[in-house]
$ cat final12.cif   # mmCIF, C-alpha atoms
data_query
#
loop_
_atom_site.label_atom_id
_atom_site.label_comp_id
_atom_site.auth_asym_id
_atom_site.auth_seq_id
_atom_site.Cartn_x
_atom_site.Cartn_y
_atom_site.Cartn_z
CA MET E 1 0.00 0.00 0.00
CA LYS E 2 1.28 3.46 -0.90
CA HIS E 3 1.26 6.26 1.67
CA ILE E 4 2.45 9.86 1.21
CA PHE E 5 3.10 11.45 4.59
CA LYS E 6 3.56 15.19 5.02
CA ASP E 7 5.72 14.94 8.16
CA LEU E 8 8.19 12.49 9.65
CA GLU E 9 6.28 12.26 12.93
CA SER E 10 3.63 10.27 11.05
CA VAL E 11 6.33 7.80 9.97
CA GLU E 12 7.67 7.41 13.53
CA PRO E 13 5.91 4.03 14.04
CA TYR E 14 8.01 2.67 11.15
CA ARG E 15 11.34 4.01 12.46
CA GLU E 16 12.74 0.54 13.15
CA ASP E 17 11.71 -0.72 9.71
CA TRP E 18 13.23 2.40 8.13
CA ASN E 19 16.59 1.84 9.81
CA LYS E 20 16.58 -1.82 8.78
CA LEU E 21 16.24 -0.66 5.17
CA ALA E 22 19.23 1.66 5.70
CA GLU E 23 21.14 -1.32 7.06
CA ILE E 24 20.45 -3.31 3.88
CA GLN E 25 22.38 -0.66 1.93
CA ALA E 26 24.93 -0.18 4.74
CA ASN E 27 24.37 3.57 4.41
CA ALA E 28 24.58 5.79 7.48
CA LEU E 29 23.32 8.81 5.52
CA ILE E 30 19.78 7.50 5.01
CA SER E 31 18.73 6.61 8.57
CA PHE E 32 15.44 7.86 9.98
CA GLU E 33 17.38 10.14 12.35
CA TRP E 34 19.37 11.65 9.47
CA PHE E 35 16.28 12.66 7.52
CA ARG E 36 14.38 13.82 10.59
CA CYS E 37 17.22 16.18 11.50
CA CYS E 38 17.43 17.37 7.87
CA ALA E 39 13.69 18.06 7.77
CA ASN E 40 13.70 19.94 11.07
CA SER E 41 16.81 21.96 10.18
CA PHE E 42 16.40 22.78 6.49
CA HIS E 43 12.78 22.29 5.44
CA TYR E 44 10.48 23.92 7.99
CA ASN E 45 9.07 26.15 5.20
CA ASP E 46 8.93 23.39 2.56
CA SER E 47 6.38 20.71 1.77
CA LEU E 48 7.40 17.14 2.60
CA TYR E 49 6.40 14.13 0.52
CA ILE E 50 7.46 11.01 2.44
CA VAL E 51 6.51 8.27 -0.01
CA CYS E 52 6.22 4.96 1.84
CA ILE E 53 5.36 1.46 0.61
CA VAL E 54 3.87 -0.65 3.40
CA VAL E 55 3.07 -4.37 3.08
CA ASN E 56 1.56 -6.34 5.97
CA ASP E 57 2.20 -3.36 8.24
CA LYS E 58 5.93 -3.46 7.36
CA LEU E 59 7.76 -0.61 5.66
CA ILE E 60 9.53 -2.03 2.60
CA ALA E 61 10.48 1.15 0.67
CA VAL E 62 10.80 4.90 1.29
CA ALA E 63 11.46 8.00 -0.82
CA PRO E 64 11.95 10.93 1.62
CA LEU E 65 11.20 13.92 -0.64
CA TYR E 66 10.47 17.62 -0.28
CA LYS E 67 9.48 20.53 -2.47
CA SER E 68 10.39 24.14 -1.84
CA ILE E 69 8.16 27.00 -2.94
CA SER E 70 10.79 28.29 -5.39
CA ASP E 71 11.54 24.95 -7.07
CA ARG E 72 9.45 22.87 -9.46
CA HIS E 73 11.28 19.62 -8.60
CA LEU E 74 10.82 17.23 -5.75
CA GLN E 75 14.18 16.36 -4.20
CA ILE E 76 15.56 14.11 -1.48
CA ILE E 77 15.34 15.75 1.93
CA GLY E 78 18.59 17.52 2.84
CA SER E 79 20.28 16.76 -0.50
CA ARG E 80 20.50 20.35 -1.75
CA ARG E 81 21.82 21.82 1.51
CA LEU E 82 24.31 19.10 2.45
CA TYR E 83 25.05 17.71 -1.03
CA GLU E 84 26.10 14.37 0.44
CA PRO E 85 25.59 11.05 -1.41
CA SER E 86 22.10 9.68 -0.88
CA SER E 87 19.73 6.91 -1.83
CA LEU E 88 16.18 5.71 -1.74
CA LEU E 89 15.41 2.97 0.76
CA TYR E 90 14.01 -0.35 -0.39
CA LYS E 91 13.91 -4.00 0.62
CA ASP E 92 14.55 -5.43 -2.85
CA ASN E 93 14.24 -4.58 -6.55
CA LYS E 94 10.52 -5.29 -6.56
CA ALA E 95 10.01 -2.82 -3.71
CA LEU E 96 12.14 -0.24 -5.57
CA LYS E 97 9.97 -0.54 -8.68
CA THR E 98 6.81 -0.11 -6.63
CA LEU E 99 8.35 2.92 -4.92
CA LEU E 100 9.39 4.64 -8.15
CA ASN E 101 5.96 4.04 -9.63
CA ALA E 102 4.47 5.68 -6.54
CA CYS E 103 6.85 8.63 -6.93
CA SER E 104 5.84 9.01 -10.57
CA GLY E 105 2.21 9.00 -9.47
CA ILE E 106 2.72 12.28 -7.61
CA GLY E 107 2.93 13.90 -11.05
CA MET E 108 5.82 16.30 -10.36
CA PRO E 109 9.37 16.14 -11.79
CA ILE E 110 11.88 14.70 -9.36
CA LEU E 111 15.60 15.40 -9.06
CA PHE E 112 17.53 12.70 -7.20
CA ASN E 113 20.96 14.18 -6.40
CA ARG E 114 24.12 12.05 -6.09
CA LEU E 115 22.47 8.65 -6.05
CA PHE E 116 24.50 5.55 -5.33
CA TYR E 117 24.88 3.44 -8.47
CA ASN E 118 22.52 0.63 -7.38
CA ILE E 119 19.44 2.84 -7.93
CA TYR E 120 19.79 3.11 -11.68
CA CYS E 121 21.99 0.20 -12.79
CA ASN E 122 20.91 -2.88 -14.75
CA ASN E 123 18.08 -1.01 -16.50
CA LYS E 124 15.98 -1.05 -13.33
CA LEU E 125 14.04 2.00 -14.48
CA ASN E 126 12.92 0.70 -17.86
CA PHE E 127 9.73 -0.63 -16.26
CA LEU E 128 8.44 2.95 -15.93
CA GLY E 129 7.33 2.71 -19.54
CA ALA E 130 4.37 4.99 -20.25
CA ARG E 131 4.31 6.41 -16.71
CA ALA E 132 7.48 8.54 -16.88
CA PHE E 133 10.82 9.03 -18.57
CA TYR E 134 14.17 9.81 -17.00
CA PHE E 135 17.67 11.12 -17.63
CA SER E 136 20.80 10.45 -15.63
CA ARG E 137 24.16 12.18 -15.64
CA LEU E 138 27.34 11.86 -13.64
CA SER E 139 27.49 13.86 -10.44
CA ALA E 140 30.36 14.86 -8.19
CA SER E 141 32.31 11.81 -6.99
CA SER E 142 33.71 11.16 -3.52
CA GLN E 143 36.70 9.26 -2.17
CA TYR E 144 37.18 6.43 0.30
CA ILE E 145 39.89 4.15 1.63
CA GLU E 146 39.53 0.38 1.66
CA LEU E 147 40.80 -0.82 5.03
CA ASN E 148 41.75 -4.31 3.87
CA SER E 149 45.10 -4.55 5.68
CA ASP E 150 46.73 -3.50 8.94
CA PHE E 151 47.66 0.14 9.49
CA GLU E 152 51.40 -0.48 9.08
CA SER E 153 50.83 -2.01 5.65
CA TYR E 154 48.59 0.91 4.69
CA GLU E 155 51.26 3.42 5.74
CA GLU E 156 53.83 1.62 3.62
CA ARG E 157 51.62 2.19 0.56
CA LEU E 158 51.67 5.94 1.15
CA SER E 159 54.30 7.85 -0.78
CA SER E 160 57.61 8.50 0.95
CA ARG E 161 56.81 12.21 0.62
CA LYS E 162 53.51 11.79 2.50
CA ARG E 163 55.17 9.83 5.30
CA TYR E 164 57.87 12.49 5.56
CA ASP E 165 55.28 15.29 5.68
CA ILE E 166 53.44 13.56 8.54
CA ARG E 167 56.66 13.11 10.56
CA ARG E 168 57.67 16.72 9.93
CA ALA E 169 54.20 18.04 10.87
CA ASN E 170 54.30 16.03 14.11
CA LYS E 171 57.71 17.48 15.05
CA LYS E 172 56.47 21.02 14.34
CA ALA E 173 53.35 20.42 16.43
CA GLN E 174 55.47 19.24 19.37
CA LYS E 175 57.38 22.52 19.23
CA TYR E 176 54.11 24.31 20.02
CA GLY E 177 53.54 22.12 23.07
CA ARG E 178 52.25 18.72 24.21
CA VAL E 179 50.30 16.98 21.43
CA SER E 180 47.32 14.79 22.35
CA TYR E 181 44.42 13.11 20.56
CA GLU E 182 40.90 12.66 21.89
CA ILE E 183 38.36 10.40 20.18
CA ASN E 184 34.95 10.58 21.83
CA GLU E 185 32.62 7.84 20.71
CA LYS E 186 30.89 6.00 23.56
CA ASN E 187 28.52 7.19 26.25
CA ILE E 188 29.10 10.84 25.44
CA THR E 189 27.48 12.74 28.31
CA ASN E 190 28.88 16.19 27.48
CA ILE E 191 28.01 16.08 23.78
CA ASP E 192 26.79 19.70 23.63
CA GLN E 193 30.08 20.96 25.06
CA LEU E 194 32.13 18.80 22.67
CA LEU E 195 30.11 19.95 19.67
CA HIS E 196 30.57 23.59 20.70
CA GLN E 197 34.34 23.01 20.86
CA ALA E 198 34.30 21.38 17.43
CA TYR E 199 32.30 24.25 15.94
CA GLU E 200 34.73 26.80 17.38
CA VAL E 201 37.75 24.99 15.93
CA GLU E 202 36.12 24.76 12.49
CA ASN E 203 35.32 28.47 12.68
CA SER E 204 39.00 29.30 13.26
CA SER E 205 39.91 28.86 9.61
CA TRP E 206 39.01 30.09 6.11
CA LYS E 207 35.48 28.81 6.70
CA GLN E 208 34.85 31.82 8.95
CA ARG E 209 35.78 34.23 6.15
CA SER E 210 33.70 32.36 3.59
CA GLU E 211 30.83 32.13 6.10
CA SER E 212 30.57 28.39 5.46
CA SER E 213 31.34 27.19 8.98
CA ILE E 214 28.75 25.61 11.23
CA CYS E 215 28.99 28.59 13.59
CA ARG E 216 28.03 30.94 10.74
CA ASN E 217 25.00 28.91 9.62
CA ASP E 218 22.17 28.35 12.07
CA ASP E 219 20.61 25.58 9.99
CA LEU E 220 23.86 23.57 9.90
CA ASN E 221 24.24 24.11 13.64
CA ARG E 222 20.75 22.75 14.20
CA PHE E 223 21.37 19.77 11.92
CA PHE E 224 24.65 18.56 13.42
CA SER E 225 23.50 19.20 16.98
CA CYS E 226 20.28 17.28 16.27
CA LEU E 227 22.07 14.43 14.49
CA PHE E 228 24.82 13.90 17.03
CA THR E 229 22.42 14.15 19.94
CA SER E 230 20.23 11.48 18.34
CA LEU E 231 23.08 9.18 17.35
CA GLY E 232 24.95 9.75 20.61
CA LYS E 233 22.30 7.78 22.41
CA ARG E 234 23.10 4.87 20.11
CA CYS E 235 26.88 5.27 20.50
CA LYS E 236 27.53 5.80 16.81
CA CYS E 237 28.78 9.39 16.66
CA ILE E 238 32.43 10.39 16.92
CA ILE E 239 33.80 13.81 17.90
CA SER E 240 37.59 13.85 17.72
CA PHE E 241 40.22 16.47 18.46
CA LEU E 242 43.91 17.08 18.14
CA SER E 243 44.98 19.34 21.01
CA ILE E 244 48.19 21.18 21.75
CA ASP E 245 48.66 21.94 25.44
CA ASN E 246 44.98 21.00 25.94
CA LYS E 247 43.81 23.49 23.32
CA PRO E 248 41.81 21.83 20.47
CA VAL E 249 43.37 22.86 17.14
CA ALA E 250 41.81 20.28 14.77
CA THR E 251 38.52 18.41 14.82
CA GLN E 252 36.45 15.83 12.97
CA LEU E 253 32.77 14.97 13.20
CA ALA E 254 32.08 11.44 11.99
CA ILE E 255 29.70 8.49 12.22
CA LYS E 256 30.82 4.92 12.80
CA GLN E 257 28.25 2.55 11.36
CA PHE E 258 27.95 -0.47 9.08
CA GLY E 259 31.66 -1.18 9.22
CA ARG E 260 32.56 2.28 7.93
CA LEU E 261 33.77 5.59 9.28
CA TRP E 262 31.82 8.42 7.62
CA VAL E 263 33.63 11.78 7.93
CA LEU E 264 31.04 14.57 7.91
CA LYS E 265 33.05 17.65 8.92
CA ILE E 266 36.69 18.54 9.40
CA GLY E 267 38.23 21.75 10.71
CA TYR E 268 41.43 23.21 12.07
CA ASP E 269 42.77 26.37 13.71
CA GLU E 270 44.63 28.47 11.12
CA GLY E 271 46.93 29.76 13.84
CA TYR E 272 48.58 26.33 13.83
CA ALA E 273 48.55 25.79 10.08
CA SER E 274 52.34 25.41 9.90
CA CYS E 275 52.11 22.03 11.66
CA SER E 276 49.18 20.76 9.56
CA PRO E 277 46.91 19.74 12.47
CA GLY E 278 44.16 18.62 10.10
CA THR E 279 46.55 16.19 8.40
CA LEU E 280 47.76 14.83 11.74
CA LEU E 281 44.22 14.25 12.96
CA MET E 282 43.23 12.59 9.67
CA HIS E 283 46.22 10.27 10.03
CA GLU E 284 45.15 9.40 13.57
CA MET E 285 41.53 8.78 12.53
CA ILE E 286 42.63 6.44 9.71
CA HIS E 287 44.76 4.63 12.33
CA TYR E 288 41.71 4.45 14.61
CA ALA E 289 39.56 3.01 11.80
CA HIS E 290 42.13 0.25 11.25
CA LEU E 291 42.23 -0.55 14.97
CA GLN E 292 38.42 -0.79 14.97
CA GLU E 293 38.68 -3.29 12.07
CA LEU E 294 36.36 -1.19 9.91
CA LYS E 295 36.05 -1.93 6.20
CA LEU E 296 35.92 1.57 4.69
CA PHE E 297 36.95 5.13 5.54
CA GLU E 298 34.50 7.46 3.76
CA PHE E 299 35.76 10.99 3.12
CA LEU E 300 32.34 12.08 1.73
CA GLY E 301 31.94 15.60 0.32
CA ASN E 302 33.33 16.01 -3.21
CA GLU E 303 36.46 14.47 -4.66
CA GLU E 304 39.41 16.71 -3.74
CA THR E 305 42.96 16.59 -5.05
CA TRP E 306 44.40 17.29 -1.59
CA LEU E 307 43.01 13.91 -0.46
CA ASP E 308 44.86 12.00 -3.18
CA SER E 309 47.95 11.63 -1.01
CA TRP E 310 45.97 9.26 1.27
CA ARG E 311 45.69 6.81 -1.67
CA PRO E 312 41.87 6.70 -1.81
CA ALA E 313 39.59 5.02 -4.33
CA THR E 314 36.86 7.01 -6.09
CA ARG E 315 33.13 6.33 -5.99
CA GLN E 316 30.90 7.69 -8.76
CA TYR E 317 27.34 8.95 -8.33
CA ASN E 318 24.62 9.99 -10.74
CA ASN E 319 21.95 12.65 -10.71
CA LEU E 320 18.64 11.20 -11.85
CA LEU E 321 15.89 13.38 -13.31
CA LEU E 322 12.47 11.71 -13.39
CA TYR E 323 9.64 13.25 -15.41
CA PRO E 324 6.15 11.77 -15.01
CA LEU E 325 3.90 11.95 -18.05
CA SER E 326 1.68 14.57 -16.47
CA TYR E 327 1.12 18.28 -16.94
CA LYS E 328 3.60 19.25 -14.21
CA GLY E 329 6.07 16.60 -15.30
CA LEU E 330 6.09 17.66 -18.95
CA THR E 331 6.10 21.36 -18.04
CA GLY E 332 9.09 20.75 -15.79
CA PHE E 333 10.89 18.92 -18.59
CA CYS E 334 10.30 21.79 -21.04
CA MET E 335 11.51 24.36 -18.51
CA ASP E 336 14.65 22.33 -17.76
CA ILE E 337 15.45 22.00 -21.46
CA TYR E 338 14.86 25.74 -21.97
CA ASN E 339 17.16 26.65 -19.06
CA LEU E 340 19.81 24.24 -20.32
CA ILE E 341 19.82 25.84 -23.76
CA VAL E 342 19.84 29.39 -22.36
CA ASN E 343 22.78 28.60 -20.05
CA LYS E 344 24.76 27.08 -22.91
CA ILE E 345 24.14 30.18 -25.06
CA LYS E 346 25.27 32.44 -22.21
CA ARG E 347 28.48 30.46 -21.78
CA VAL E 348 29.22 30.85 -25.50
CA ILE E 349 28.44 34.59 -25.51
CA TYR E 350 30.41 35.44 -22.38
CA LYS E 351 33.26 33.00 -22.98
#
$ encode --input "final12.cif" --output "structure tokens"
Amino acid sequence: MKHIFKDLESVEPYREDWNKLAEIQANALISFEWFRCCANSFHYNDSLYIVCIVVNDKLIAVAPLYKSISDRHLQIIGSRRLYEPSSLLYKDNKALKTLLNACSGIGMPILFNRLFYNIYCNNKLNFLGARAFYFSRLSASSQYIELNSDFESYEERLSSRKRYDIRRANKKAQKYGRVSYEINEKNITNIDQLLHQAYEVENSSWKQRSESSICRNDDLNRFFSCLFTSLGKRCKCIISFLSIDNKPVATQLAIKQFGRLWVLKIGYDEGYASCSPGTLLMHEMIHYAHLQELKLFEFLGNEETWLDSWRPATRQYNNLLLYPLSYKGLTGFCMDIYNLIVNKIKRVIYK
């Protein structure tokens, strides 16, 4: 049975089923708590369309969508603001087909940003037939490390230059004072205080000038505080610091789940840039992930050249545009084509 809920509170009875679907995909970024915090932080003025497929009182598929007043597309909750990889939730391919048919039935164009490959591979969308048509295109990729060996073996695969830079940065840091690492992950009772420290460290860099730090954005502050408070109760959030003489100078916010470490935010104090505290903390967190016998270290965000020295692999994503054969769907398609042509003409004119 198809249900379209307008708020996540109505889906609360299916929270356990929802998180089991996230577990099937081993994806920490599609949990019920993730989308609830996104909705409460970013979409209080938007309309939610939580498309749920329920069979025998069990949730077997979910498309957590929203529509803003200024946009003609439905999109995945939180995808535009955070721009992290995402996915629909489904028990199996049959459930996915039922879910996408239900999404098409809403009649509005849908933009799925940065979908994992399994959503659109193997011609799974061809069944839409006369109901809708779709286009997909490559989106921004991300990087990850496969933790398939011990930490010493991983370090040996790093370039000699990278190993030298880490040793040199550590010596420089020790000249400032006593270097210590703190990885908070279990039974965090002072989570608000730790988050405030992390936000302050992140705000002590170029992110303050660009106004992209958590401190400078109330909605991001609400999201991360909500998320880490929710996950803290389940012992899956990590707040780590590198400190010099007990002063935090680098930080990471991460989630440990499904055999992976998902890095959500990094930051450092520019006053200590000469000793590369962000690099030292990243090195320590990769060491920690090996000690925890995790399978993957997910950098998230977009692929960045400065991460290449850690010898990561690259994961590709696609944007999927779905146009139902309805008035709004076809109108949206025509508008998107028009805007595409206009933008291409502008690039030629102002080249």
$ atom_distance --input "final12.cif" --atom1 "CA of Val249 (chain E)" --atom2 "CA of Val263 (chain E)"
17.4 Å
$ resolve_selection --input "final12.cif" --expression "the PyMOL selection byres ((chain E and resi 181-183) around 7)" --output "ChimeraX atom specification"
/E:180,184-185,238-243
$ resolve_selection --input "final12.cif" --expression "the PyMOL selection byres ((chain E and resi 141) around 9)" --output "compact mmCIF listing (two decimals) with C-alpha atoms, keeping the file's coordinate frame"
# COMPACT_ATOMS: atom_id res chain seq x y z
CA PRO E 85 25.59 11.05 -1.41
CA ARG E 114 24.12 12.05 -6.09
CA LEU E 138 27.34 11.86 -13.64
CA SER E 139 27.49 13.86 -10.44
CA ALA E 140 30.36 14.86 -8.19
CA SER E 142 33.71 11.16 -3.52
CA GLN E 143 36.70 9.26 -2.17
CA LEU E 300 32.34 12.08 1.73
CA GLY E 301 31.94 15.60 0.32
CA ASN E 302 33.33 16.01 -3.21
CA GLU E 303 36.46 14.47 -4.66
CA THR E 314 36.86 7.01 -6.09
CA ARG E 315 33.13 6.33 -5.99
CA GLN E 316 30.90 7.69 -8.76
CA TYR E 317 27.34 8.95 -8.33
CA ASN E 318 24.62 9.99 -10.74
$ residues_around --input "final12.cif" --residues "Tyr327 (chain E)" --least-positions-apart "3" --cutoff "9 Å" --atoms "all atoms listed in the file" --output "ChimeraX atom specification"
/E:107-108,324,330-332
$ resolve_selection --input "final12.cif" --expression "the PyMOL selection byres ((chain E and resi 211-227) around 9)" --output "PyMOL selection string"
chain E and resi 33-34+36-42+81-82+191-192+195-196+199-200+202-203+205-210+228-232+237+253+267
$ closest_residue --input "final12.cif" --among "E:Gln75, E:Ser274, E:Ser149, E:Asn101" --to "Lys175 (chain E)" --atoms "only C-alpha atoms"
E:Ser274
$ residues_around --input "final12.cif" --residues "Trp310 (chain E)" --least-positions-apart "4" --cutoff "9 Å" --atoms "all atoms listed in the file" --output "count of residues only"
6
$ closest_residue --input "final12.cif" --among "E:Glu293, E:Asp165, E:Asp245, E:Glu146" --to "Arg178 (chain E)" --atoms "all atoms listed in the file"
E:Asp245
$ atom_distance --input "final12.cif" --atom1 "CA of Ile255 (chain E)" --atom2 "CA of His287 (chain E)"
15.5 Å
$ atom_distance --input "final12.cif" --atom1 "CA of Ala95 (chain E)" --atom2 "CA of Ile53 (chain E)"
7.7 Å
$ closest_atom_pairs --input "final12.cif" --of "region 269-340 of chain E" --to "region 4-28 of chain E" --cutoff "12 Å" --atoms "only C-alpha atoms" --output "CSV"
residue,atom,partner,partner_atom,distance
E:Lys295,CA,E:Ala26,CA,11.4
E:Leu296,CA,E:Ala26,CA,11.1
E:Glu298,CA,E:Ala28,CA,10.7
E:Leu300,CA,E:Ala28,CA,11.5
$ closest_residue --input "final12.cif" --among "E:Pro109, E:Leu59, E:Gly78, E:Phe116" --to "Tyr90 (chain E)" --atoms "only C-alpha atoms"
E:Leu59
$ residues_around --input "final12.cif" --residues "Asn170 (chain E)" --least-positions-apart "3" --cutoff "9 Å" --atoms "all atoms listed in the file" --output "PyMOL selection string"
chain E and resi 165-167+173-175+179+275-277+280
$ write_last_selection --input "final12.cif" --atoms "C-alpha atoms" --output "mmCIF file, in the coordinates of the input"
data_model
loop_
_atom_site.group_PDB
_atom_site.id
_atom_site.type_symbol
_atom_site.label_atom_id
_atom_site.label_comp_id
_atom_site.auth_asym_id
_atom_site.auth_seq_id
_atom_site.Cartn_x
_atom_site.Cartn_y
_atom_site.Cartn_z
ATOM 1 C CA ASP E 165 55.280 15.290 5.680
ATOM 2 C CA ILE E 166 53.440 13.560 8.540
ATOM 3 C CA ARG E 167 56.660 13.110 10.560
ATOM 4 C CA ALA E 173 53.350 20.420 16.430
ATOM 5 C CA GLN E 174 55.470 19.240 19.370
ATOM 6 C CA LYS E 175 57.380 22.520 19.230
ATOM 7 C CA VAL E 179 50.300 16.980 21.430
ATOM 8 C CA CYS E 275 52.110 22.030 11.660
ATOM 9 C CA SER E 276 49.180 20.760 9.560
ATOM 10 C CA PRO E 277 46.910 19.740 12.470
ATOM 11 C CA LEU E 280 47.760 14.830 11.740
#
$ residues_around --input "final12.cif" --residues "His3 (chain E)" --least-positions-apart "5" --cutoff "12 Å" --atoms "all atoms listed in the file" --output "PyMOL selection string"
chain E and resi 10-11+49-55+57+59-64+98-99+102-103+105-106
$ residues_around --input "final12.cif" --residues "Arg260 (chain E)" --least-positions-apart "2" --cutoff "6 Å" --atoms "all atoms listed in the file" --output "JSON, numbers by chain"
{"E": [256, 257, 258, 294, 295, 296, 297]}
